[in-house]
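Content type PDB, C-alpha atoms and all ligand atoms, from the file protein_29.pdb:
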```pdb
MODEL        1
ATOM      1  CA  MET A 104     -67.607 -98.408 -27.763
ATOM      2  CA  THR A 105     -66.892-101.834 -26.322
ATOM      3  CA  ASN A 106     -63.238-102.683 -26.275
ATOM      4  CA  ALA A 107     -62.068-106.209 -25.694
ATOM      5  CA  LEU A 108     -58.626-105.119 -24.581
ATOM      6  CA  PRO A 109     -57.988-104.360 -20.935
ATOM      7  CA  HIS A 110     -56.636-100.845 -20.788
ATOM      8  CA  GLU A 111     -54.248-101.694 -17.999
ATOM      9  CA  MET A 112     -52.127-103.801 -20.356
ATOM     10  CA  SER A 113     -48.984-102.117 -21.540
ATOM     11  CA  ARG A 114     -48.250-101.743 -25.207
ATOM     12  CA  ALA A 115     -45.462-104.308 -24.952
ATOM     13  CA  GLU A 116     -47.779-106.788 -23.284
ATOM     14  CA  ARG A 117     -50.408-106.376 -25.939
ATOM     15  CA  ARG A 118     -47.877-106.786 -28.697
ATOM     16  CA  ARG A 119     -46.954-110.187 -27.389
ATOM     17  CA  PHE A 120     -50.238-111.342 -28.905
ATOM     18  CA  VAL A 121     -48.491-111.272 -32.251
ATOM     19  CA  VAL A 122     -47.030-114.716 -32.809
ATOM     20  CA  ARG A 123     -43.571-114.844 -34.327
ATOM     21  CA  GLY A 124     -42.872-116.709 -37.540
ATOM     22  CA  LEU A 125     -46.329-116.369 -39.027
ATOM     23  CA  GLY A 126     -47.099-117.349 -42.567
ATOM     24  CA  ARG A 127     -48.317-114.614 -44.888
ATOM     25  CA  ALA A 128     -51.976-115.587 -44.746
ATOM     26  CA  VAL A 129     -52.070-115.544 -40.980
ATOM     27  CA  ALA A 130     -50.067-112.346 -40.891
ATOM     28  CA  MET A 131     -52.556-110.700 -43.216
ATOM     29  CA  THR A 132     -55.389-111.772 -40.980
ATOM     30  CA  ILE A 133     -53.623-110.278 -38.019
ATOM     31  CA  ALA A 134     -53.049-107.098 -39.980
ATOM     32  CA  LEU A 135     -56.786-106.834 -40.528
ATOM     33  CA  VAL A 136     -57.486-107.124 -36.850
ATOM     34  CA  ALA A 137     -54.290-105.332 -35.891
ATOM     35  CA  VAL A 138     -56.385-102.516 -34.668
ATOM     36  CA  TYR A 139     -57.156-104.637 -31.635
ATOM     37  CA  PHE A 140     -53.781-106.295 -31.192
ATOM     38  CA  VAL A 141     -50.833-104.194 -32.199
ATOM     39  CA  VAL A 142     -52.037-100.615 -32.458
ATOM     40  CA  PRO A 143     -50.526 -98.181 -29.998
ATOM     41  CA  LEU A 144     -52.530 -97.872 -26.826
ATOM     42  CA  GLU A 145     -53.075 -94.170 -27.449
ATOM     43  CA  TRP A 146     -55.057 -95.021 -30.574
ATOM     44  CA  ILE A 147     -57.676 -97.042 -28.732
ATOM     45  CA  ASP A 148     -59.870 -94.002 -28.210
ATOM     46  CA  GLY A 149     -61.424 -93.311 -31.604
ATOM     47  CA  VAL A 150     -59.176 -94.986 -34.146
ATOM     48  CA  PRO A 151     -60.500 -98.593 -34.068
ATOM     49  CA  VAL A 152     -64.047 -97.551 -34.918
ATOM     50  CA  ALA A 153     -62.704 -95.552 -37.847
ATOM     51  CA  VAL A 154     -60.739 -98.583 -39.066
ATOM     52  CA  VAL A 155     -63.808-100.810 -38.914
ATOM     53  CA  LEU A 156     -65.945 -98.218 -40.708
ATOM     54  CA  PHE A 157     -63.252 -97.753 -43.353
ATOM     55  CA  ILE A 158     -63.083-101.493 -43.988
ATOM     56  CA  ALA A 159     -66.883-101.658 -44.235
ATOM     57  CA  LEU A 160     -67.181 -98.710 -46.638
ATOM     58  CA  PHE A 161     -64.025 -99.086 -48.720
ATOM     59  CA  CYS A 162     -63.477-102.867 -48.637
ATOM     60  CA  GLY A 163     -59.867-102.439 -47.547
ATOM     61  CA  HIS A 164     -57.683-101.540 -44.568
ATOM     62  CA  PRO A 165     -56.790 -97.832 -44.267
ATOM     63  CA  LEU A 166     -53.088 -98.570 -43.750
ATOM     64  CA  ASP A 167     -52.754-101.126 -46.562
ATOM     65  CA  GLY A 168     -50.845-100.081 -49.651
ATOM     66  CA  PRO A 169     -47.550-100.623 -51.447
ATOM     67  CA  GLN A 170     -45.686-100.198 -48.180
ATOM     68  CA  THR A 171     -47.482-103.186 -46.633
ATOM     69  CA  SER A 172     -47.357-105.445 -49.663
ATOM     70  CA  GLY A 173     -44.352-107.291 -48.240
ATOM     71  CA  LEU A 174     -46.104-108.013 -44.972
ATOM     72  CA  ALA A 175     -44.448-111.047 -43.445
ATOM     73  CA  ASP A 176     -43.464-110.798 -39.816
ATOM     74  CA  GLU A 177     -44.071-109.119 -36.520
ATOM     75  CA  ASN A 178     -41.578-106.332 -37.084
ATOM     76  CA  PHE A 179     -43.215-105.409 -40.362
ATOM     77  CA  ILE A 180     -46.659-105.327 -38.762
ATOM     78  CA  ARG A 181     -45.310-103.318 -35.856
ATOM     79  CA  THR A 182     -43.762-100.757 -38.178
ATOM     80  CA  HIS A 183     -46.590-100.215 -40.629
ATOM     81  CA  TYR A 184     -49.584-100.709 -38.350
ATOM     82  CA  GLY A 185     -48.125 -99.216 -35.187
ATOM     83  CA  ASP A 186     -44.969 -97.122 -35.125
ATOM     84  CA  GLU A 187     -44.862 -95.630 -38.623
ATOM     85  CA  PRO A 188     -48.383 -95.903 -40.084
ATOM     86  CA  LEU A 189     -49.122 -94.154 -43.362
ATOM     87  CA  PHE A 190     -52.737 -93.714 -44.400
ATOM     88  CA  SER A 191     -53.132 -95.236 -47.859
ATOM     89  CA  MET A 192     -55.140 -92.220 -49.027
ATOM     90  CA  HIS A 193     -52.913 -89.637 -47.351
ATOM     91  CA  PRO A 194     -53.577 -86.245 -49.005
ATOM     92  CA  THR A 195     -49.917 -85.323 -49.598
ATOM     93  CA  ASP A 196     -47.780 -88.433 -49.151
ATOM     94  CA  LYS A 197     -48.903 -90.747 -51.950
ATOM     95  CA  SER A 198     -46.238 -93.399 -51.355
ATOM     96  CA  ASN A 199     -48.676 -95.855 -49.769
ATOM     97  CA  ARG A 200     -51.550 -95.267 -52.197
ATOM     98  CA  PRO A 201     -52.832 -98.538 -53.714
ATOM     99  CA  THR A 202     -52.590 -98.778 -57.478
ATOM    100  CA  SER A 203     -55.451-101.265 -57.734
ATOM    101  CA  GLY A 204     -58.378-102.591 -55.717
ATOM    102  CA  PRO A 205     -61.540-100.891 -54.496
ATOM    103  CA  VAL A 206     -60.093 -98.374 -52.021
ATOM    104  CA  PRO A 207     -58.783 -95.703 -54.451
ATOM    105  CA  VAL A 208     -61.872 -96.066 -56.666
ATOM    106  CA  TYR A 209     -64.283 -95.629 -53.783
ATOM    107  CA  TRP A 210     -62.175 -92.774 -52.432
ATOM    108  CA  ASP A 211     -61.992 -90.851 -55.706
ATOM    109  CA  LYS A 212     -65.374 -91.615 -57.240
ATOM    110  CA  VAL A 213     -67.969 -92.814 -54.763
ATOM    111  CA  TYR A 214     -68.190 -91.189 -51.340
ATOM    112  CA  PRO A 215     -68.956 -87.519 -50.583
ATOM    113  CA  LEU A 216     -66.164 -85.231 -49.431
ATOM    114  CA  ALA A 217     -67.684 -84.804 -45.977
ATOM    115  CA  VAL A 218     -67.118 -88.499 -45.257
ATOM    116  CA  LEU A 219     -63.617 -88.553 -46.762
ATOM    117  CA  ARG A 220     -62.593 -85.651 -44.549
ATOM    118  CA  LEU A 221     -63.493 -87.556 -41.376
ATOM    119  CA  PHE A 222     -61.317 -90.531 -42.346
ATOM    120  CA  GLU A 223     -58.488 -88.279 -43.485
ATOM    121  CA  ARG A 224     -58.495 -86.422 -40.171
ATOM    122  CA  THR A 225     -58.525 -89.638 -38.156
ATOM    123  CA  PHE A 226     -55.753 -91.386 -40.076
ATOM    124  CA  THR A 227     -53.396 -88.420 -40.393
ATOM    125  CA  GLU A 228     -53.257 -85.940 -37.531
ATOM    126  CA  GLY A 229     -55.728 -88.010 -35.459
ATOM    127  CA  LEU A 230     -53.198 -90.829 -35.079
ATOM    128  CA  THR A 231     -51.005 -88.608 -32.920
ATOM    129  CA  ASP A 232     -53.505 -86.037 -31.682
ATOM    130  CA  PRO A 233     -56.577 -87.511 -29.943
ATOM    131  CA  THR A 234     -58.365 -84.158 -30.118
ATOM    132  CA  ARG A 235     -58.471 -84.467 -33.924
ATOM    133  CA  ARG A 236     -60.286 -87.797 -33.881
ATOM    134  CA  VAL A 237     -63.907 -88.141 -34.840
ATOM    135  CA  ALA A 238     -66.419 -88.616 -32.039
ATOM    136  CA  GLU A 239     -69.034 -91.345 -32.236
ATOM    137  CA  GLY A 240     -71.802 -88.780 -32.724
ATOM    138  CA  GLN A 241     -70.006 -87.328 -35.730
ATOM    139  CA  TRP A 242     -69.766 -90.760 -37.335
ATOM    140  CA  ILE A 243     -73.473 -91.376 -36.758
ATOM    141  CA  LYS A 244     -74.311 -88.016 -38.300
ATOM    142  CA  ALA A 245     -72.029 -88.677 -41.282
ATOM    143  CA  LEU A 246     -73.467 -92.128 -41.943
ATOM    144  CA  THR A 247     -77.006 -90.747 -41.693
ATOM    145  CA  ARG A 248     -76.040 -88.143 -44.286
ATOM    146  CA  LEU A 249     -74.706 -90.904 -46.493
ATOM    147  CA  ARG A 250     -78.135 -92.512 -46.496
ATOM    148  CA  GLU A 251     -79.732 -89.182 -47.342
ATOM    149  CA  TYR A 252     -77.427 -88.791 -50.354
ATOM    150  CA  LEU A 253     -77.973 -92.299 -51.710
ATOM    151  CA  GLY A 254     -79.579 -92.040 -55.128
ATOM    152  CA  SER A 255     -79.354 -93.495 -58.602
ATOM    153  CA  CYS A 256     -77.457 -92.483 -61.717
ATOM    154  CA  PRO A 257     -79.647 -90.799 -64.365
ATOM    155  CA  GLY A 258     -77.673 -92.659 -67.017
ATOM    156  CA  CYS A 259     -77.316 -96.274 -65.920
ATOM    157  CA  GLY A 260     -79.587 -96.348 -62.862
ATOM    158  CA  GLY A 261     -76.738 -97.611 -60.661
ATOM    159  CA  VAL A 262     -76.564 -96.663 -57.014
ATOM    160  CA  VAL A 263     -74.556 -93.483 -56.399
ATOM    161  CA  PHE A 264     -73.914 -91.012 -53.599
ATOM    162  CA  TYR A 265     -74.666 -87.405 -54.458
ATOM    163  CA  ASP A 266     -72.295 -84.863 -52.961
ATOM    164  CA  PRO A 267     -73.583 -81.371 -52.112
ATOM    165  CA  GLU A 268     -70.007 -80.089 -52.331
ATOM    166  CA  ARG A 269     -69.399 -81.576 -55.774
ATOM    167  CA  PRO A 270     -72.516 -81.239 -57.960
ATOM    168  CA  GLU A 271     -70.304 -81.591 -61.036
ATOM    169  CA  ARG A 272     -69.492 -85.217 -60.239
ATOM    170  CA  VAL A 273     -70.066 -88.044 -62.706
ATOM    171  CA  CYS A 274     -71.311 -91.590 -62.133
ATOM    172  CA  TRP A 275     -68.503 -93.866 -60.908
ATOM    173  CA  SER A 276     -69.735 -96.593 -63.239
ATOM    174  CA  CYS A 277     -70.875 -95.007 -66.526
ATOM    175  CA  THR A 278     -69.458 -91.433 -66.148
ATOM    176  CA  THR A 279     -72.846 -89.787 -66.808
ATOM    177  CA  PRO A 280     -72.935 -86.365 -65.083
ATOM    178  CA  LEU A 281     -75.033 -86.783 -61.935
ATOM    179  CA  GLY A 282     -76.373 -83.220 -61.947
ATOM    180  CA  MET A 283     -78.947 -82.206 -59.376
ATOM    181  CA  PRO A 284     -80.771 -85.109 -57.737
ATOM    182  CA  LEU A 285     -84.508 -85.496 -57.309
ATOM    183  CA  THR A 286     -85.142 -85.050 -53.581
ATOM    184  CA  ILE A 287     -88.029 -85.599 -51.265
ATOM    185  CA  THR A 288     -88.753 -83.256 -48.392
ATOM    186  CA  HIS A 289     -90.474 -84.884 -45.459
ATOM    187  CA  GLY A 290     -90.839 -82.833 -42.321
ATOM    188  CA  LYS A 291     -87.465 -81.197 -41.724
ATOM    189  CA  ARG A 292     -85.518 -83.838 -43.626
ATOM    190  CA  ARG A 293     -84.572 -83.712 -47.278
ATOM    191  CA  VAL A 294     -83.267 -86.878 -48.870
ATOM    192  CA  VAL A 295     -82.349 -88.013 -52.363
ATOM    193  CA  VAL A 296     -84.883 -90.209 -54.125
ATOM    194  CA  GLY A 297     -83.091 -93.485 -54.783
ATOM    195  CA  PRO A 298     -83.829 -97.184 -55.089
ATOM    196  CA  GLU A 299     -82.962 -97.818 -51.444
ATOM    197  CA  LEU A 300     -85.165 -95.071 -50.023
ATOM    198  CA  ALA A 301     -87.578 -95.872 -47.217
ATOM    199  CA  LEU A 302     -89.312 -93.311 -45.058
ATOM    200  CA  GLY A 303     -90.599 -93.633 -41.532
ATOM    201  CA  PRO A 304     -92.883 -91.280 -39.635
ATOM    202  CA  ASN A 305     -91.659 -87.744 -38.971
ATOM    203  CA  GLY A 306     -88.920 -87.859 -41.569
ATOM    204  CA  THR A 307     -87.017 -90.787 -40.071
ATOM    205  CA  LEU A 308     -85.026 -93.146 -42.272
ATOM    206  CA  PRO A 309     -85.783 -96.741 -41.293
ATOM    207  CA  VAL A 310     -83.764 -99.693 -42.501
ATOM    208  CA  PRO A 311     -84.127 -99.586 -46.298
ATOM    209  CA  ASN A 312     -86.178-102.241 -48.038
ATOM    210  CA  SER A 313     -86.800-104.113 -44.814
ATOM    211  CA  THR A 314     -89.368-106.840 -45.105
ATOM    212  CA  SER A 315     -90.518-106.104 -41.592
ATOM    213  CA  ALA A 316     -93.484-103.827 -41.033
ATOM    214  CA  SER A 317     -91.557-102.223 -38.217
ATOM    215  CA  ALA A 318     -88.024-101.364 -39.282
ATOM    216  CA  GLY A 319     -85.879-100.910 -36.206
ATOM    217  CA  ASN A 320     -85.419 -97.524 -34.607
ATOM    218  CA  GLY A 321     -86.965 -95.657 -37.513
ATOM    219  CA  GLY A 322     -90.465 -96.917 -36.735
ATOM    220  CA  PRO A 323     -92.802 -98.385 -39.325
ATOM    221  CA  ILE A 324     -92.079 -97.711 -42.980
ATOM    222  CA  ILE A 325     -94.703 -95.422 -44.480
ATOM    223  CA  ALA A 326     -93.233 -95.048 -47.964
ATOM    224  CA  GLN A 327     -90.777 -97.171 -49.896
ATOM    225  CA  ALA A 328     -89.011 -96.780 -53.208
ATOM    226  CA  VAL A 329     -89.618 -99.246 -55.986
ATOM    227  CA  THR A 330     -87.753 -99.344 -59.291
ATOM    228  CA  HIS A 331     -89.386 -99.927 -62.653
ATOM    229  CA  PRO A 332     -88.845-103.583 -63.669
ATOM    230  CA  ARG A 333     -87.693-102.613 -67.192
ATOM    231  CA  ASP A 334     -85.921 -99.316 -66.454
ATOM    232  CA  ARG A 335     -84.290 -98.939 -63.071
ATOM    233  CA  ARG A 336     -83.805 -95.218 -63.665
ATOM    234  CA  ILE A 337     -87.549 -94.802 -63.045
ATOM    235  CA  ILE A 338     -88.248 -94.786 -59.338
ATOM    236  CA  GLY A 339     -91.701 -95.000 -57.831
ATOM    237  CA  LEU A 340     -92.852 -94.608 -54.254
ATOM    238  CA  THR A 341     -95.109 -97.231 -52.663
ATOM    239  CA  ASN A 342     -97.741 -96.294 -50.098
ATOM    240  CA  ARG A 343     -96.973 -98.530 -47.114
ATOM    241  CA  THR A 344     -99.672 -97.027 -44.910
ATOM    242  CA  THR A 345    -103.321 -98.035 -44.618
ATOM    243  CA  THR A 346    -104.490 -94.584 -45.734
ATOM    244  CA  PRO A 347    -104.877 -93.597 -49.420
ATOM    245  CA  TRP A 348    -102.540 -90.836 -50.655
ATOM    246  CA  GLN A 349    -103.383 -87.938 -52.919
ATOM    247  CA  ALA A 350    -100.650 -87.388 -55.488
ATOM    248  CA  ALA A 351    -100.713 -83.891 -57.028
ATOM    249  CA  PHE A 352     -98.643 -83.651 -60.226
ATOM    250  CA  PRO A 353     -97.088 -80.414 -61.528
ATOM    251  CA  ASP A 354     -99.525 -80.339 -64.493
ATOM    252  CA  GLY A 355    -102.449 -80.086 -62.061
ATOM    253  CA  GLU A 356    -103.581 -83.710 -62.249
ATOM    254  CA  VAL A 357    -104.404 -85.451 -58.967
ATOM    255  CA  GLU A 358    -104.382 -89.217 -58.475
ATOM    256  CA  THR A 359    -105.284 -91.441 -55.545
ATOM    257  CA  VAL A 360    -102.570 -93.869 -54.471
ATOM    258  CA  ALA A 361    -104.177 -96.740 -52.558
ATOM    259  CA  PRO A 362    -102.262 -98.619 -49.840
ATOM    260  CA  ASN A 363     -99.554-100.852 -51.380
ATOM    261  CA  SER A 364     -99.918 -99.036 -54.719
ATOM    262  CA  SER A 365     -97.105 -96.942 -56.212
ATOM    263  CA  VAL A 366     -96.697 -93.627 -57.953
ATOM    264  CA  ALA A 367     -93.804 -92.618 -60.239
ATOM    265  CA  THR A 368     -91.759 -89.826 -58.686
ATOM    266  CA  GLU A 369     -91.013 -86.573 -60.523
ATOM    267  CA  ASP A 370     -89.992 -82.976 -59.926
ATOM    268  CA  GLY A 371     -92.993 -80.970 -58.684
ATOM    269  CA  LEU A 372     -94.981 -83.914 -57.300
ATOM    270  CA  THR A 373     -96.618 -83.493 -53.876
ATOM    271  CA  ILE A 374     -98.126 -86.349 -51.871
ATOM    272  CA  THR A 375    -100.554 -85.819 -48.996
ATOM    273  CA  ASP A 376    -102.869 -88.094 -47.037
ATOM    274  CA  GLY A 377    -105.185 -85.564 -45.401
ATOM    275  CA  ALA A 378    -103.822 -86.526 -41.991
ATOM    276  CA  GLY A 379    -100.605 -84.543 -41.864
ATOM    277  CA  LEU A 380     -98.395 -86.395 -44.333
ATOM    278  CA  ARG A 381     -96.789 -84.112 -46.890
ATOM    279  CA  LEU A 382     -94.051 -85.308 -49.236
ATOM    280  CA  VAL A 383     -92.680 -82.705 -51.648
ATOM    281  CA  PHE A 384     -90.465 -83.684 -54.570
ATOM    282  CA  SER A 385     -88.010 -81.256 -56.131
ATOM    283  CA  ARG A 386     -84.800 -81.324 -58.103
ATOM    284  CA  GLY A 387     -82.052 -79.106 -56.834
ATOM    285  CA  ASP A 388     -78.909 -78.352 -54.916
ATOM    286  CA  LEU A 389     -78.640 -80.506 -51.800
ATOM    287  CA  SER A 390     -76.669 -77.854 -49.989
ATOM    288  CA  LYS A 391     -79.599 -75.444 -50.125
ATOM    289  CA  PRO A 392     -83.034 -75.729 -48.465
ATOM    290  CA  ALA A 393     -85.742 -77.276 -50.658
TER     291      ALA A 393
HETATM  292 ZN    ZN B   1     -74.171 -94.447 -64.262
ENDMDL
END
```

Full structure transcribed into structure tokens:
Amino acid sequence: MTNALPHEMSRAERRRFVVRGLGRAVAMTIALVAVYFVVPLEWIDGVPVAVVLFIALFCGHPLDGPQTSGLADENFIRTHYGDEPLFSMHPTDKSNRPTSGPVPVYWDKVYPLAVLRLFERTFTEGLTDPTRRVAEGQWIKALTRLREYLGSCPGCGGVVFYDPERPERVCWSCTTPLGMPLTITHGKRRVVVGPELALGPNGTLPVPNSTSASAGNGGPIIAQAVTHPRDRRIIGLTNRTTTPWQAAFPDGEVETVAPNSSVATEDGLTITDGAGLRLVFSRGDLSKPA
């Protein structure tokens, strides 16, 4: 990871970046970027990337909570973002847990446990023990998993993350039980069928819903989800290749899906193209092989 701070600077030298007598708005801004300015030097390896990811996923800073609500000066920033940090979603000490805003909602109702555990480790024992921090490869793996678990609620059609460890979860928006998701097996990868799904060759997951024919490191998109215009709970799959697909339904019917045409997805559907493509749809437990 690129780090703008020269490592040879001492902690005291780096802390001089914090200007005294700041107004609240400026102080808040500094708190947001405090990870680069006032965090202890020993955090630099592994903690900043976790802070940035937390802000991106939870729309809030991991150390923000009731204890930082009076944020006003350098000493306060130094205490709560450096010397005595308390993770807002700490598993046992709830004294810095926000009572409003997106962070507790996303933490309790949206993301899978596997992702929460990585943040919890980093912002509790990982703050003092570098060996407990999450390596870059683990973050990449976790975020890839997140994309695989991205589906839609069977009740309201809203975007949800399924969690293999918590199949009993309900939709964060409408509280409909999520149950077992419809999944698609493609090569060795099994992913949830959702409105953001896009598949590349060999089971890769390209950038979802990209307008580009070639979607970054995932290669060209070969199949892309499309939602029904009048009922977003119904998800189809569009053939983005130049080869017609054969869609075999569980009742024995077989249909041809021409390039740029779509087929509604359902449990038991199998799509082939006669040239090695095989997409198998099934509903079931994500933690078990399809
Ligand atoms: Zn819902």

Enumerate, as a PDB file with C-alpha atoms, in the frame of the given file, the residues matched when the PyMOL selection byres (((chain A and resi 156) around 12) and not hetatm) is run on the file above.
```pdb
ATOM      1  CA  GLY A 149     -61.424 -93.311 -31.604  1.00  0.00           C
ATOM      2  CA  VAL A 150     -59.176 -94.986 -34.146  1.00  0.00           C
ATOM      3  CA  PRO A 151     -60.500 -98.593 -34.068  1.00  0.00           C
ATOM      4  CA  VAL A 152     -64.047 -97.551 -34.918  1.00  0.00           C
ATOM      5  CA  ALA A 153     -62.704 -95.552 -37.847  1.00  0.00           C
ATOM      6  CA  VAL A 154     -60.739 -98.583 -39.066  1.00  0.00           C
ATOM      7  CA  VAL A 155     -63.808-100.810 -38.914  1.00  0.00           C
ATOM      8  CA  PHE A 157     -63.252 -97.753 -43.353  1.00  0.00           C
ATOM      9  CA  ILE A 158     -63.083-101.493 -43.988  1.00  0.00           C
ATOM     10  CA  ALA A 159     -66.883-101.658 -44.235  1.00  0.00           C
ATOM     11  CA  LEU A 160     -67.181 -98.710 -46.638  1.00  0.00           C
ATOM     12  CA  PHE A 161     -64.025 -99.086 -48.720  1.00  0.00           C
ATOM     13  CA  CYS A 162     -63.477-102.867 -48.637  1.00  0.00           C
ATOM     14  CA  GLY A 163     -59.867-102.439 -47.547  1.00  0.00           C
ATOM     15  CA  HIS A 164     -57.683-101.540 -44.568  1.00  0.00           C
ATOM     16  CA  PRO A 165     -56.790 -97.832 -44.267  1.00  0.00           C
ATOM     17  CA  VAL A 218     -67.118 -88.499 -45.257  1.00  0.00           C
ATOM     18  CA  LEU A 219     -63.617 -88.553 -46.762  1.00  0.00           C
ATOM     19  CA  LEU A 221     -63.493 -87.556 -41.376  1.00  0.00           C
ATOM     20  CA  PHE A 222     -61.317 -90.531 -42.346  1.00  0.00           C
ATOM     21  CA  THR A 225     -58.525 -89.638 -38.156  1.00  0.00           C
ATOM     22  CA  VAL A 237     -63.907 -88.141 -34.840  1.00  0.00           C
ATOM     23  CA  GLU A 239     -69.034 -91.345 -32.236  1.00  0.00           C
ATOM     24  CA  TRP A 242     -69.766 -90.760 -37.335  1.00  0.00           C
ATOM     25  CA  ILE A 243     -73.473 -91.376 -36.758  1.00  0.00           C
ATOM     26  CA  ALA A 245     -72.029 -88.677 -41.282  1.00  0.00           C
ATOM     27  CA  LEU A 246     -73.467 -92.128 -41.943  1.00  0.00           C
TER      28      LEU A 246
END
```

task: List the neighbours of Pro332 of chain A out to 12 Å using only C-alpha atoms; skip same-chain residues closer than 5 positions along the sequence, and give me the result as an NGL selection string.
output: :A and (260 or 298 or 337-339)

Go through the shown structure with the PyMOL selection byres (((chain A and resi 335) around 12) and not hetatm) and write out the matching residues as a PyMOL selection string. chain A and resi 254-262+297-299+328-334+336-339+367

* To do: Counting all atoms listed in the file, select every polymer residue within 12 Å of (-72.5, -88.2, -43.9) as defined in the file's coordinates, and provide the selection as a list in words.
  =>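 Checking each residue against the 12 Å limit leaves Tyr214, Pro215, Leu216, Ala217, Val218, Leu219, Arg220, Leu221, Phe222, Gly240, Gln241, Trp242, Ile243, Lys244, Ala245, Leu246, Thr247, Arg248, Leu249, Arg250, Glu251, Tyr252, Leu253, Phe264, Tyr265, Asp266, Pro267, Glu268 and Val294 of chain A.
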
What is the atom CA of Lys291 of chain A to atom CA of Arg269 of chain A distance in Å?
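Separation of atom CA of Lys291 of chain A and atom CA of Arg269 of chain A: 22.9 Å.
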
From atom CA of Val360 of chain A to atom CA of Trp348 of chain A the spacing works out at 4.9 Å

Practice problem: Measuring atom to atom with all atoms listed in the file, identify which of A:Val208, A:Ala378, A:Cys277, A:Leu389 is nearest to ligand ZN 1 (chain B). | Solution: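 Using all atoms listed in the file, ligand ZN 1 (chain B) sits closest to A:Cys277.
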
query: With all atoms listed in the file as the atoms that count, which of A:Glu358, A:Glu187, A:Asp370, A:Asp167 lies nearest to Arg200 of chain A?
result: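 So, comparing all the options, the nearest one is A:Asp167.
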
- Which of these residues is nearest to ligand ZN 1 (chain B), using all atoms listed in the file: A:Ser198, A:Thr278, A:Ser191, A:Ser172?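 Ranking A:Ser198, A:Thr278, A:Ser191, A:Ser172 by distance to ligand ZN 1 (chain B), first place goes to A:Thr278.
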
Compare A:His183, A:Arg236, A:Arg292, A:Arg343 by their minimum atom-to-atom distance to Val383 of chain A, counting only C-alpha atoms, and give me the closest one.
->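 Selected residue with least distance to Val383 of chain A: A:Arg292.
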
Notebook entry, point to check: Separation of atom CA of Phe384 of chain A and atom CA of Val213 of chain A, in Å?
Noted result: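 So the answer is 24.3 Å.
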
From the list A:Ser276, A:Thr227, A:Gln170, A:Thr202, the nearest residue to ligand ZN 1 (chain B) using only C-alpha atoms and all ligand atoms is A:Ser276

List every protein, DNA or RNA residue that has at least one atom no more than 10 Å from (-105.8, -91.3, -49.6) in the file's coordinates, counting all atoms listed in the file, and write the result as a VMD selection string.
chain A and resid 342 344 to 350 358 to 362 374 to 378

Put those residues in a file: C-alpha atoms, as a PDB file, in the coordinates of the input.
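Listing of result-v2.pdb after writing:
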```pdb
ATOM      1  CA  ASN A 342     -97.741 -96.294 -50.098  1.00  0.00           C
ATOM      2  CA  THR A 344     -99.672 -97.027 -44.910  1.00  0.00           C
ATOM      3  CA  THR A 345    -103.321 -98.035 -44.618  1.00  0.00           C
ATOM      4  CA  THR A 346    -104.490 -94.584 -45.734  1.00  0.00           C
ATOM      5  CA  PRO A 347    -104.877 -93.597 -49.420  1.00  0.00           C
ATOM      6  CA  TRP A 348    -102.540 -90.836 -50.655  1.00  0.00           C
ATOM      7  CA  GLN A 349    -103.383 -87.938 -52.919  1.00  0.00           C
ATOM      8  CA  ALA A 350    -100.650 -87.388 -55.488  1.00  0.00           C
ATOM      9  CA  GLU A 358    -104.382 -89.217 -58.475  1.00  0.00           C
ATOM     10  CA  THR A 359    -105.284 -91.441 -55.545  1.00  0.00           C
ATOM     11  CA  VAL A 360    -102.570 -93.869 -54.471  1.00  0.00           C
ATOM     12  CA  ALA A 361    -104.177 -96.740 -52.558  1.00  0.00           C
ATOM     13  CA  PRO A 362    -102.262 -98.619 -49.840  1.00  0.00           C
ATOM     14  CA  ILE A 374     -98.126 -86.349 -51.871  1.00  0.00           C
ATOM     15  CA  THR A 375    -100.554 -85.819 -48.996  1.00  0.00           C
ATOM     16  CA  ASP A 376    -102.869 -88.094 -47.037  1.00  0.00           C
ATOM     17  CA  GLY A 377    -105.185 -85.564 -45.401  1.00  0.00           C
ATOM     18  CA  ALA A 378    -103.822 -86.526 -41.991  1.00  0.00           C
TER      19      ALA A 378
END
```

Adding 4 Å on each side of the box along x, y and z that holds all listed atoms of segment 203-218 of chain A, could you give its centre and edge lengths in Å to one decimal, as AutoDock Vina command-line options?
```
--center_x -62.2 --center_y -93.7 --center_z -51.5 --size_x 21.5 --size_y 25.8 --size_z 20.5
```

From the list A:Thr279, A:Ser390, A:Thr234, A:Asn199, the nearest residue to ligand ZN 1 (chain B) using only C-alpha atoms and all ligand atoms is A:Thr279

**Prompt:** What do you get, as a VMD selection string, if you spell out every residue that the PyMOL selection byres (((chain A and resi 288) around 10) and not hetatm) selects here?
**Reply:** chain A and resid 286 to 287 289 to 296 306 373 381 to 385 392 to 393
